[in-house]
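Chemist: This is the structure, below, for whatever I ask next.
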Amino acid sequence: MNAGERSNAIERYRQGPAALRAAWESSPPDARQWRPRPGDWTVHEIVAHCADSEVNAYTRIRMLMAEQNPPIVGYDQDVWASRFDYHARPVDSALALVEATRAHTSELLTVFTDEDWTRAGIHSERGPYSAEDWLLDYSEHLHEHVRQIEVLVSAWAARASTP
């Protein structure tokens, strides 16, 4: 990535929380708890997942920048969703956590040098994992879940309108 591409990715990263909040707020209340099939996540669970993911992301970029060749530990998001009963977690605090961690990290991302972006660790599932890999992943993560919410709400609406 060149500096311009990184700048665009950082801006995309910054925009994620507003997009997630807008997706939540535009979801009809009945659609937020709808599960299309067993094992699929609801809109509510997606937002709860985003909060846990952001805490992991927050720690990962700091480990990559502060430690030499740090371990980056993967996790099973479905186990977390079940173990922490995402459906019962409050959405307001999840959205606030996403917004706060992204705001705090966004500022940090702007001070990294070209050399900093090459710093890397070893991801337990993916192998070598650099700060730039982190940026590519997390600049799109919330936007991917926004699209997931939009698809889910559309499926809910289509189901609800079918006689």
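Identifiers for the structure tokens are assigned positionally: chains receive A, B, ... in sequence, residues are indexed from 1 per chain, and ligands are indexed from 1 in the order shown.
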Which of chain A counts as strand (DSSP E) under DSSP, as a list in words please?
Modeler: Pro71, Ile72, Ala120, Gly121, Ile122, His123, Gly127, Pro128, Tyr129 and Ser130 of chain A
Chemist: Near A:Asp40, within 12 Å and counting only C-alpha atoms, which residues show up once chain neighbours fewer than 2 positions away are dropped, as a count of residues only?
Modeler: 18
Chemist: Show me, as an NGL selection string, the residues that have an atom within 10 Å of A:Pro28 when counting only C-alpha atoms, minus same-chain residues fewer than 3 positions from it.
Modeler: :A and (23-25 or 31-33 or 153 or 156-157)
Chemist: Write out as JSON, numbers by chain all residues of stretch 40-160 of chain A that DSSP puts in alpha helix (DSSP H) for this structure's backbone.
Modeler: {"A": [43, 44, 45, 46, 47, 48, 49, 50, 51, 52, 53, 54, 55, 56, 57, 58, 59, 60, 61, 62, 63, 64, 65, 66, 77, 78, 79, 80, 81, 82, 83, 91, 92, 93, 94, 95, 96, 97, 98, 99, 100, 101, 102, 103, 104, 105, 106, 107, 108, 109, 131, 132, 133, 134, 135, 136, 137, 138, 139, 140, 141, 142, 143, 144, 145, 146, 147, 148, 149, 150, 151, 152, 153, 154, 155, 156, 157, 158, 159, 160]}
Chemist: Quick one, how far is atom CA of A:Arg14 from atom CA of A:Asp52?
Modeler: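 About the pair atom CA of A:Arg14 and atom CA of A:Asp52: they are 17.2 Å apart.
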Chemist: Find the distance between atom CA of A:Leu136 and atom CA of A:Thr105 and write it in Å to one decimal.
Modeler: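 For atom CA of A:Leu136 relative to atom CA of A:Thr105, the distance reads 14.5 Å.
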Chemist: For A:Ala96, which of A:His123, A:Glu140, A:Ala51, A:Glu115 is the closest residue, counting only C-alpha atoms?
Modeler: A:Ala51
Chemist: Would you mind telling me which residue in A:Ile72, A:Asp114, A:Ala120, A:Gly39 lies nearest to A:Gly4 when using only C-alpha atoms?
Modeler: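 Looking at the shortest contact to A:Gly4, the residue is A:Asp114.
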Chemist: Could you list, as a ChimeraX atom specification, every residue within 10 Å of A:Asp92, counting only C-alpha atoms and ignoring same-chain residues fewer than 3 positions away?
Modeler: /A:21,47-48,89,95-97
Chemist: Write out, as a PDB file, in the first residue's frame, the residues just selected, with N, CA and C atoms.
Modeler:
```pdb
ATOM      1  N   ARG A  21     -23.908   2.170  13.065  1.00  0.00           N
ATOM      2  CA  ARG A  21     -25.013   2.771  13.825  1.00  0.00           C
ATOM      3  C   ARG A  21     -26.204   3.037  12.900  1.00  0.00           C
ATOM      4  N   VAL A  47     -24.168  -6.696  15.767  1.00  0.00           N
ATOM      5  CA  VAL A  47     -23.654  -5.505  16.447  1.00  0.00           C
ATOM      6  C   VAL A  47     -22.842  -5.896  17.679  1.00  0.00           C
ATOM      7  N   ALA A  48     -23.317  -6.865  18.438  1.00  0.00           N
ATOM      8  CA  ALA A  48     -22.570  -7.323  19.619  1.00  0.00           C
ATOM      9  C   ALA A  48     -21.210  -7.900  19.202  1.00  0.00           C
ATOM     10  N   ARG A  89     -26.898  -9.120  24.955  1.00  0.00           N
ATOM     11  CA  ARG A  89     -26.014  -7.975  25.236  1.00  0.00           C
ATOM     12  C   ARG A  89     -26.678  -6.684  24.782  1.00  0.00           C
ATOM     13  N   LEU A  95     -22.469  -0.355  20.552  1.00  0.00           N
ATOM     14  CA  LEU A  95     -22.219   0.717  19.585  1.00  0.00           C
ATOM     15  C   LEU A  95     -21.279   1.771  20.172  1.00  0.00           C
ATOM     16  N   ALA A  96     -21.466   2.108  21.442  1.00  0.00           N
ATOM     17  CA  ALA A  96     -20.587   3.092  22.094  1.00  0.00           C
ATOM     18  C   ALA A  96     -19.152   2.575  22.147  1.00  0.00           C
ATOM     19  N   LEU A  97     -18.983   1.288  22.414  1.00  0.00           N
ATOM     20  CA  LEU A  97     -17.651   0.700  22.453  1.00  0.00           C
ATOM     21  C   LEU A  97     -16.991   0.745  21.076  1.00  0.00           C
TER      22      LEU A  97
END
```
Chemist: Identify, on the basis of only C-alpha atoms, every residue whose closest approach to A:His104 does not exceed 12 Å; exclude the query and any residue fewer than 4 positions from it along the same chain; express the result as a compact mmCIF listing (two decimals) with N, CA and C atoms, in the first residue's frame.
Modeler:
```
# COMPACT_ATOMS: atom_id res chain seq x y z
N TYR A 13 -11.90 3.20 7.64
CA TYR A 13 -11.91 2.69 9.01
C TYR A 13 -12.68 3.66 9.92
N ARG A 14 -12.40 4.95 9.79
CA ARG A 14 -13.08 5.97 10.60
C ARG A 14 -14.59 5.99 10.35
N GLU A 54 -13.92 -5.24 17.78
CA GLU A 54 -13.18 -3.98 17.90
C GLU A 54 -12.20 -4.00 19.06
N VAL A 55 -12.57 -4.64 20.15
CA VAL A 55 -11.64 -4.74 21.28
C VAL A 55 -10.44 -5.58 20.87
N ALA A 57 -9.32 -5.90 17.78
CA ALA A 57 -8.59 -5.08 16.81
C ALA A 57 -7.76 -4.02 17.52
N TYR A 58 -8.35 -3.40 18.51
CA TYR A 58 -7.68 -2.35 19.30
C TYR A 58 -6.39 -2.89 19.90
N THR A 59 -6.47 -4.08 20.45
CA THR A 59 -5.29 -4.71 21.07
C THR A 59 -4.29 -5.16 20.01
N ILE A 61 -3.52 -4.02 16.95
CA ILE A 61 -2.68 -3.01 16.32
C ILE A 61 -1.65 -2.48 17.31
N ARG A 62 -2.00 -2.41 18.56
CA ARG A 62 -1.05 -1.96 19.57
C ARG A 62 0.05 -3.00 19.80
N LEU A 97 -18.98 1.29 22.41
CA LEU A 97 -17.65 0.70 22.45
C LEU A 97 -16.99 0.75 21.08
N VAL A 98 -17.74 0.40 20.05
CA VAL A 98 -17.21 0.47 18.68
C VAL A 98 -16.78 1.89 18.36
N GLU A 99 -17.62 2.84 18.68
CA GLU A 99 -17.30 4.24 18.38
C GLU A 99 -16.07 4.72 19.16
N ALA A 100 -16.00 4.38 20.42
CA ALA A 100 -14.87 4.83 21.24
C ALA A 100 -13.55 4.19 20.83
N LEU A 108 -4.38 7.29 16.40
CA LEU A 108 -3.09 6.60 16.44
C LEU A 108 -2.60 6.22 15.04
N LEU A 109 -3.51 5.78 14.20
CA LEU A 109 -3.13 5.32 12.86
C LEU A 109 -2.46 6.42 12.03
N THR A 110 -2.79 7.66 12.31
CA THR A 110 -2.26 8.76 11.51
C THR A 110 -0.80 9.09 11.82
```
Chemist: Find the residues near A:Glu11: any atom within 9 Å, counting only C-alpha atoms, skip ones fewer than 4 places away on the same chain, and give them as number ranges by chain.
Modeler: A: 6-7, 15-16, 106, 139
Chemist: For atom CA of A:Ala131 and atom CA of A:Val79, determine how far apart the two atoms are, in Å to one decimal place.
Modeler: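 Interatomic distance here is 26.0 Å.
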Chemist: When you count only C-alpha atoms, which of these residues is closest to A:His145: A:Ala88, A:Ala19, A:Ala3, A:Ala94?
Modeler: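 Checking each candidate against A:His145, we get A:Ala19 as the closest.
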Chemist: With distances taken over only C-alpha atoms, which residue among A:Trp80, A:Trp117, A:Tyr75, A:Phe112 lies nearest A:Met1?
Modeler: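 Of all the options, A:Trp117 lies closest to A:Met1.
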Chemist: Just the residues within 10 Å of A:Tyr129, please, counting only C-alpha atoms, with nothing from its chain fewer than 5 positions along; format it as a PyMOL selection string.
Modeler: chain A and resi 64+69-72+118-124+134
